[in-house]
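K.L.:
Structure: structure-v8.txt, compact mmCIF, C-alpha atoms.
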```
# COMPACT_ATOMS: atom_id res chain seq x y z
CA ASP A 1 -70.40 40.29 -4.99
CA GLY A 2 -71.37 37.69 -2.46
CA VAL A 3 -72.37 34.12 -1.75
CA VAL A 4 -75.92 32.86 -1.27
CA THR A 5 -75.92 31.33 2.21
CA ALA A 6 -79.65 30.64 2.49
CA LEU A 7 -82.33 30.10 -0.17
CA ASN A 8 -85.80 30.19 1.33
CA VAL A 9 -87.94 30.21 -1.84
CA GLU A 10 -87.68 28.00 -4.88
CA ALA A 11 -88.67 28.98 -8.42
CA GLY A 12 -92.45 28.94 -8.87
CA GLU A 13 -93.31 29.45 -5.19
CA ASN A 14 -95.43 32.38 -4.05
CA VAL A 15 -93.90 35.33 -2.23
CA MET A 16 -95.45 38.21 -0.33
CA THR A 17 -94.65 41.84 -0.88
CA GLY A 18 -93.78 43.68 2.29
CA THR A 19 -96.02 46.42 3.64
CA MET A 20 -95.67 48.96 6.39
CA ASN A 21 -96.99 46.55 9.04
CA ASN A 22 -96.09 43.16 7.58
CA PRO A 23 -92.63 42.14 6.39
CA GLY A 24 -92.35 40.50 3.02
CA THR A 25 -90.98 37.06 2.24
CA VAL A 26 -87.22 36.67 2.63
CA ILE A 27 -86.22 34.99 -0.63
CA LEU A 28 -82.52 34.48 0.07
CA THR A 29 -79.61 35.59 2.23
CA LEU A 30 -76.51 36.98 0.51
CA ALA A 31 -73.24 37.21 2.45
CA ASP A 32 -69.74 38.54 1.85
CA LEU A 33 -67.54 35.72 3.18
CA SER A 34 -64.39 37.80 2.76
CA ALA A 35 -65.36 39.81 5.86
CA MET A 36 -66.54 37.55 8.69
CA GLU A 37 -67.24 38.47 12.28
CA VAL A 38 -68.30 36.60 15.40
CA VAL A 39 -70.80 38.09 17.84
CA ALA A 40 -69.96 37.11 21.43
CA GLU A 41 -71.82 37.70 24.68
CA VAL A 42 -69.63 39.32 27.35
CA ASP A 43 -70.56 39.52 31.02
CA GLU A 44 -71.35 42.95 32.45
CA THR A 45 -68.39 42.72 34.86
CA ASP A 46 -65.97 42.31 31.94
CA VAL A 47 -67.49 44.48 29.21
CA VAL A 48 -66.38 47.71 30.92
CA ARG A 49 -62.80 46.84 29.92
CA VAL A 50 -63.60 46.07 26.29
CA ARG A 51 -62.83 48.72 23.67
CA VAL A 52 -63.12 48.93 19.90
CA GLU A 53 -59.92 47.85 18.04
CA GLN A 54 -58.65 45.70 20.93
CA PRO A 55 -56.95 42.53 19.62
CA ALA A 56 -58.69 39.21 20.06
CA ARG A 57 -58.23 35.48 19.49
CA VAL A 58 -61.07 33.47 17.97
CA LEU A 59 -61.39 29.72 18.53
CA VAL A 60 -63.80 28.06 16.09
CA ASP A 61 -65.33 24.77 17.25
CA ALA A 62 -65.26 23.33 13.74
CA ILE A 63 -61.54 24.12 13.31
CA PRO A 64 -59.89 22.72 16.49
CA ASP A 65 -56.40 23.47 17.80
CA THR A 66 -56.20 26.73 15.83
CA ALA A 67 -56.57 30.32 17.03
CA PHE A 68 -57.39 33.11 14.58
CA ASP A 69 -56.50 36.77 14.97
CA GLY A 70 -59.29 39.30 15.19
CA ALA A 71 -60.19 42.74 16.47
CA VAL A 72 -63.17 44.21 18.31
CA THR A 73 -65.36 46.23 15.95
CA ARG A 74 -68.46 46.86 18.08
CA VAL A 75 -69.38 46.88 21.77
CA GLY A 76 -73.06 46.71 22.67
CA GLN A 77 -74.49 49.64 24.63
CA SER A 78 -77.46 47.80 26.11
CA GLY A 79 -77.42 44.48 27.91
CA ARG A 80 -79.84 41.61 28.14
CA GLY A 81 -80.42 38.95 30.75
CA ALA A 82 -78.72 35.63 30.22
CA GLY A 83 -81.71 33.68 31.45
CA GLY A 84 -84.81 35.74 32.08
CA GLY A 85 -84.97 35.82 35.87
CA SER A 86 -84.26 38.96 37.85
CA GLN A 87 -81.15 37.36 39.38
CA GLU A 88 -79.60 36.34 36.06
CA ALA A 89 -76.38 37.94 34.85
CA THR A 90 -76.53 40.59 32.14
CA ASN A 91 -74.53 40.11 28.95
CA PHE A 92 -73.53 42.56 26.22
CA GLU A 93 -72.96 41.77 22.56
CA VAL A 94 -69.41 42.32 21.32
CA ALA A 95 -68.51 41.87 17.65
CA VAL A 96 -65.04 40.64 16.66
CA LEU A 97 -63.89 40.76 13.02
CA PHE A 98 -61.56 38.07 11.65
CA ARG A 99 -58.43 39.69 10.27
CA VAL A 100 -58.10 36.84 7.77
CA PRO A 101 -61.16 34.55 7.63
CA PRO A 102 -60.04 30.89 7.54
CA GLU A 103 -60.97 28.65 4.67
CA GLY A 104 -64.05 26.62 5.43
CA LEU A 105 -65.58 29.16 7.84
CA ARG A 106 -69.34 29.37 7.47
CA PRO A 107 -72.01 31.69 8.89
CA GLY A 108 -73.68 30.21 11.96
CA MET A 109 -70.65 28.28 13.25
CA ASN A 110 -69.93 28.41 16.98
CA ALA A 111 -66.80 30.07 18.31
CA ASP A 112 -65.19 31.32 21.53
CA VAL A 113 -63.51 34.72 21.77
CA GLU A 114 -60.61 35.85 23.97
CA ILE A 115 -60.17 39.64 24.04
CA LEU A 116 -56.90 41.18 25.20
CA THR A 117 -57.96 44.10 27.40
CA GLY A 118 -54.53 44.94 28.85
CA THR A 119 -50.91 43.89 29.21
CA ARG A 120 -48.29 44.32 31.91
CA GLU A 121 -44.61 43.48 31.82
CA ASN A 122 -43.09 41.50 34.73
CA ALA A 123 -46.43 41.30 36.52
CA LEU A 124 -46.94 39.18 39.63
CA ALA A 125 -50.05 37.02 39.17
CA VAL A 126 -51.81 34.70 41.58
CA PRO A 127 -54.65 32.20 41.03
CA LEU A 128 -58.14 33.45 41.80
CA GLN A 129 -58.48 30.59 44.28
CA ALA A 130 -55.92 32.27 46.52
CA LEU A 131 -57.83 35.54 46.94
CA THR A 132 -59.86 36.34 50.03
CA ALA A 133 -60.95 39.45 51.95
CA ARG A 134 -61.16 40.61 55.57
CA PRO A 135 -62.48 43.76 57.31
CA GLN A 136 -59.85 46.46 57.88
CA SER A 137 -60.29 46.18 61.67
CA VAL A 138 -59.43 42.46 61.58
CA VAL A 139 -56.37 43.05 59.39
CA ASP A 140 -55.12 45.79 61.75
CA ARG A 141 -55.57 43.51 64.76
CA TRP A 142 -53.68 40.67 63.10
CA LYS A 143 -50.82 43.00 62.16
CA ALA A 144 -50.60 44.33 65.70
CA LYS A 145 -50.32 40.81 67.12
CA ARG A 146 -47.52 39.91 64.70
CA GLU A 147 -45.61 43.06 65.65
CA GLY A 148 -46.10 42.42 69.37
CA ARG A 149 -48.11 45.57 69.93
CA LYS A 150 -50.78 45.83 72.59
CA ALA A 151 -54.45 45.71 71.69
CA SER A 152 -54.87 49.20 73.14
CA GLU A 153 -52.63 50.55 70.38
CA VAL A 154 -55.12 49.38 67.73
CA SER A 155 -58.15 51.49 66.92
CA ALA A 156 -61.11 50.37 69.00
CA ASP A 157 -63.55 51.30 66.25
CA THR A 158 -64.79 48.05 64.71
CA THR A 159 -68.15 49.27 63.41
CA GLY A 160 -67.30 52.43 61.48
CA PRO A 161 -67.18 52.54 57.66
CA ALA A 162 -63.37 52.43 57.59
CA ALA A 163 -63.22 49.43 59.94
CA ARG A 164 -65.82 47.50 57.92
CA GLU A 165 -64.11 48.13 54.59
CA LEU A 166 -62.93 44.85 53.13
CA VAL A 167 -59.22 44.40 52.39
CA GLU A 168 -58.32 42.05 49.54
CA GLY A 169 -55.41 39.74 50.22
CA VAL A 170 -53.92 36.26 50.18
CA PHE A 171 -52.70 33.84 52.83
CA VAL A 172 -49.10 32.64 52.55
CA PHE A 173 -47.45 29.64 54.18
CA ASP A 174 -45.05 30.92 56.85
CA GLU A 175 -43.25 28.21 58.85
CA GLY A 176 -46.33 26.12 59.49
CA HIS A 177 -48.70 29.04 59.95
CA ALA A 178 -50.92 31.14 57.72
CA ARG A 179 -50.07 34.80 57.30
CA PHE A 180 -52.40 37.31 55.66
CA VAL A 181 -50.80 39.61 53.07
CA PRO A 182 -52.92 42.50 51.72
CA VAL A 183 -52.72 43.01 47.96
CA THR A 184 -54.09 45.39 45.36
CA MET A 185 -55.58 43.76 42.29
CA GLY A 186 -54.77 44.82 38.74
CA LEU A 187 -55.37 43.10 35.42
CA ARG A 188 -57.24 39.83 35.63
CA GLY A 189 -57.92 36.85 33.44
CA GLU A 190 -60.18 33.84 33.82
CA THR A 191 -57.94 31.98 36.28
CA TYR A 192 -55.23 34.46 37.38
CA VAL A 193 -55.16 38.05 38.58
CA GLU A 194 -52.32 40.55 38.79
CA VAL A 195 -51.51 41.70 42.33
CA ARG A 196 -49.33 44.43 43.79
CA GLY A 197 -48.16 44.79 47.37
CA GLU A 198 -45.79 43.03 49.78
CA LEU A 199 -46.21 39.58 48.23
CA GLN A 200 -42.96 38.03 47.00
CA THR A 201 -42.44 35.56 44.14
CA ASP A 202 -40.82 32.93 46.38
CA GLN A 203 -43.69 32.76 48.89
CA LYS A 204 -46.10 29.83 48.90
CA LEU A 205 -49.78 30.66 48.56
CA ILE A 206 -52.60 28.91 50.37
CA VAL A 207 -55.32 28.18 47.82
CA GLY A 208 -58.72 26.59 48.13
CA PRO A 209 -62.46 27.26 47.98
CA TYR A 210 -63.32 30.82 48.95
CA LYS A 211 -65.69 29.65 51.69
CA THR A 212 -62.81 27.70 53.27
CA LEU A 213 -60.36 30.60 53.06
CA ARG A 214 -63.07 32.84 54.57
CA THR A 215 -62.72 30.97 57.89
CA LEU A 216 -58.91 30.96 57.95
CA SER A 217 -57.20 33.24 60.46
CA ASP A 218 -53.77 34.82 60.65
CA LYS A 219 -51.26 32.63 62.57
CA ALA A 220 -53.54 29.57 62.19
CA SER A 221 -51.67 26.27 61.89
CA VAL A 222 -51.51 24.88 58.37
CA ARG A 223 -49.66 22.06 56.66
CA LEU A 224 -48.47 21.53 53.12
CA MET A 225 -50.34 19.03 50.97
CA LYS A 226 -49.21 17.72 47.62
CA LYS A 227 -51.64 18.86 44.98
CA LYS A 228 -53.29 15.99 43.14
CA LYS A 229 -54.95 16.82 39.85
CA PRO A 230 -57.73 14.37 38.95
CA ALA A 231 -57.59 12.74 35.54
CA GLY A 232 -59.47 14.73 32.95
CA LYS A 233 -59.30 18.02 34.84
CA ASP A 234 -58.24 20.71 32.42
CA LYS A 235 -58.15 24.44 31.86
CA ASP A 236 -61.93 24.61 31.50
CA GLN A 237 -62.34 23.29 35.04
CA ASP A 238 -59.88 25.93 36.30
CA LYS A 239 -62.01 28.59 34.61
CA GLU A 240 -65.15 27.29 36.32
CA ASN A 241 -63.36 27.30 39.69
CA GLY A 242 -62.30 30.88 39.10
CA LYS A 243 -65.88 31.90 38.29
CA ASP A 244 -67.12 30.19 41.46
CA GLN A 245 -64.49 32.09 43.48
CA ASP A 246 -65.77 35.38 42.04
CA LYS A 247 -69.38 34.55 42.86
CA ASP A 248 -68.59 33.56 46.45
CA ARG A 249 -66.38 36.62 46.96
CA ASP A 250 -69.08 38.96 45.63
CA LYS A 251 -71.65 37.45 47.99
CA ASP A 252 -69.38 38.19 50.96
CA LYS A 253 -68.61 41.78 49.98
CA ASP A 254 -71.45 43.14 52.11
CA LYS A 255 -70.79 40.90 55.09
CA ASP A 256 -68.75 42.03 58.07
CA LYS A 257 -67.36 38.94 59.73
CA ASN A 258 -64.80 39.52 62.46
CA GLU A 259 -63.65 35.92 62.84
CA ASP A 260 -60.33 36.09 64.61
CA SER A 261 -60.06 32.77 66.50
CA GLY A 262 -57.17 30.49 65.54
CA LYS A 263 -58.33 27.49 63.56
CA GLU A 264 -56.36 24.59 62.22
CA SER A 265 -56.73 24.37 58.46
CA ALA A 266 -55.10 22.46 55.67
CA GLY A 267 -54.54 24.05 52.27
CA ASP A 268 -52.68 23.50 49.03
CA SER A 269 -49.70 25.71 48.38
CA GLN A 270 -48.60 27.36 45.19
CA SER A 271 -45.80 29.80 44.50
CA GLY A 272 -46.78 33.26 43.30
CA LYS A 273 -45.99 33.83 39.68
```
Translate this structure into structure tokens?

P.N.:
Amino acid sequence: DGVVTALNVEAGENVMTGTMNNPGTVILTLADLSAMEVVAEVDETDVVRVRVEQPARVLVDAIPDTAFDGAVTRVGQSGRGAGGGSQEATNFEVAVLFRVPPEGLRPGMNADVEILTGTRENALAVPLQALTARPQSVVDRWKAKREGRKASEVSADTTGPAARELVEGVFVFDEGHARFVPVTMGLRGETYVEVRGELQTDQKLIVGPYKTLRTLSDKASVRLMKKKKPAGKDKDQDKENGKDQDKDRDKDKDKDKNEDSGKESAGDSQSGK
């Protein structure tokens, strides 16, 4: 049993029989609307965490303010460029089946999919706009200065592989100065990422564009600014900011900048959650 969702030929019209080299005329399309799925395109950086049977939420454009439960049924094994140029991102097709298809759902409707790839209890999460990275040699030098150790006690190797390795971290507001705190990243969403390390929940984070944080130094003077959210700015804008942070951070992964001079900088602050 099924429902005719497309009728391409009316009674009395000519049709062509298919051959080995030429397909025949498609007379109609028959669909089973009791089992509906949405095919989403997932970026190559995220698809590695997607597995069959993972739970998902489906948001249908035609049915606003309602999220429907689903599950991943298929993960594409080959990707395709999002645009066509050599620098375009590669996406993979992921199919999500509605557990209970909503009334009024039709083939061809647009939808967004949110796939739950992992959970963590009592996790400490920070906004993507707080993340930055510095070479290991710079982080060691900053730590030595805070502890009052002499420069001679810090490894003089600033060009070896270990010294150039980038350390992920955040800057916290510490009595009018910025202090770099290394962190290890865990689960991540579109706007927040789980972190582990010495960061505490009551510390204030310095957030801002990645290019701005890239020039900030340990012990640099900073001041608190009240965050003003422009009218109309919503969660979608936060997602775009998070994507921009990822792009800028990826571009700097191969760079080895040893900027250690104190610079005055102003940044917003936000408590770690």

K.L.:
Which residues come within 9 Å of A:Pro101, counting only C-alpha atoms, excluding same-chain residues fewer than 3 positions away, as a ChimeraX atom specification?

P.N.:
/A:33-37,68-69,97-98,104-105

K.L.:
What is the atom CA of A:Val126-atom CA of A:Leu216 distance in Å, reported with one decimal?

P.N.:
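We find that atom CA of A:Val126 and atom CA of A:Leu216 lie 18.2 Å from each other.
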
K.L.:
Once you add 3 Å to each side, what are the centre and edge lengths of the axis-aligned box holding all listed atoms of stretch 24-33 of chain A? One decimal in Å, as JSON, if you can.

P.N.:
```
{"center_x": -79.9, "center_y": 37.5, "center_z": 1.3, "size_x": 30.8, "size_y": 12.0, "size_z": 9.8}
```

K.L.:
Quick one: of A:Lys150, A:Val38, A:Val139, A:Ala178, who's nearest to A:Arg99, counting only C-alpha atoms?

P.N.:
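The answer is A:Val38, which sits nearest to A:Arg99.
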
K.L.:
Work out how far atom CA of A:Asn122 is from atom CA of A:Asp218, in Å to one decimal.

P.N.:
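The value is 28.8 Å.
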
K.L.:
Using only C-alpha atoms, which of the listed residues (A:Thr132, A:Ser137, A:Thr191, A:Asn22) sits closest to A:Lys211?

P.N.:
A:Thr132
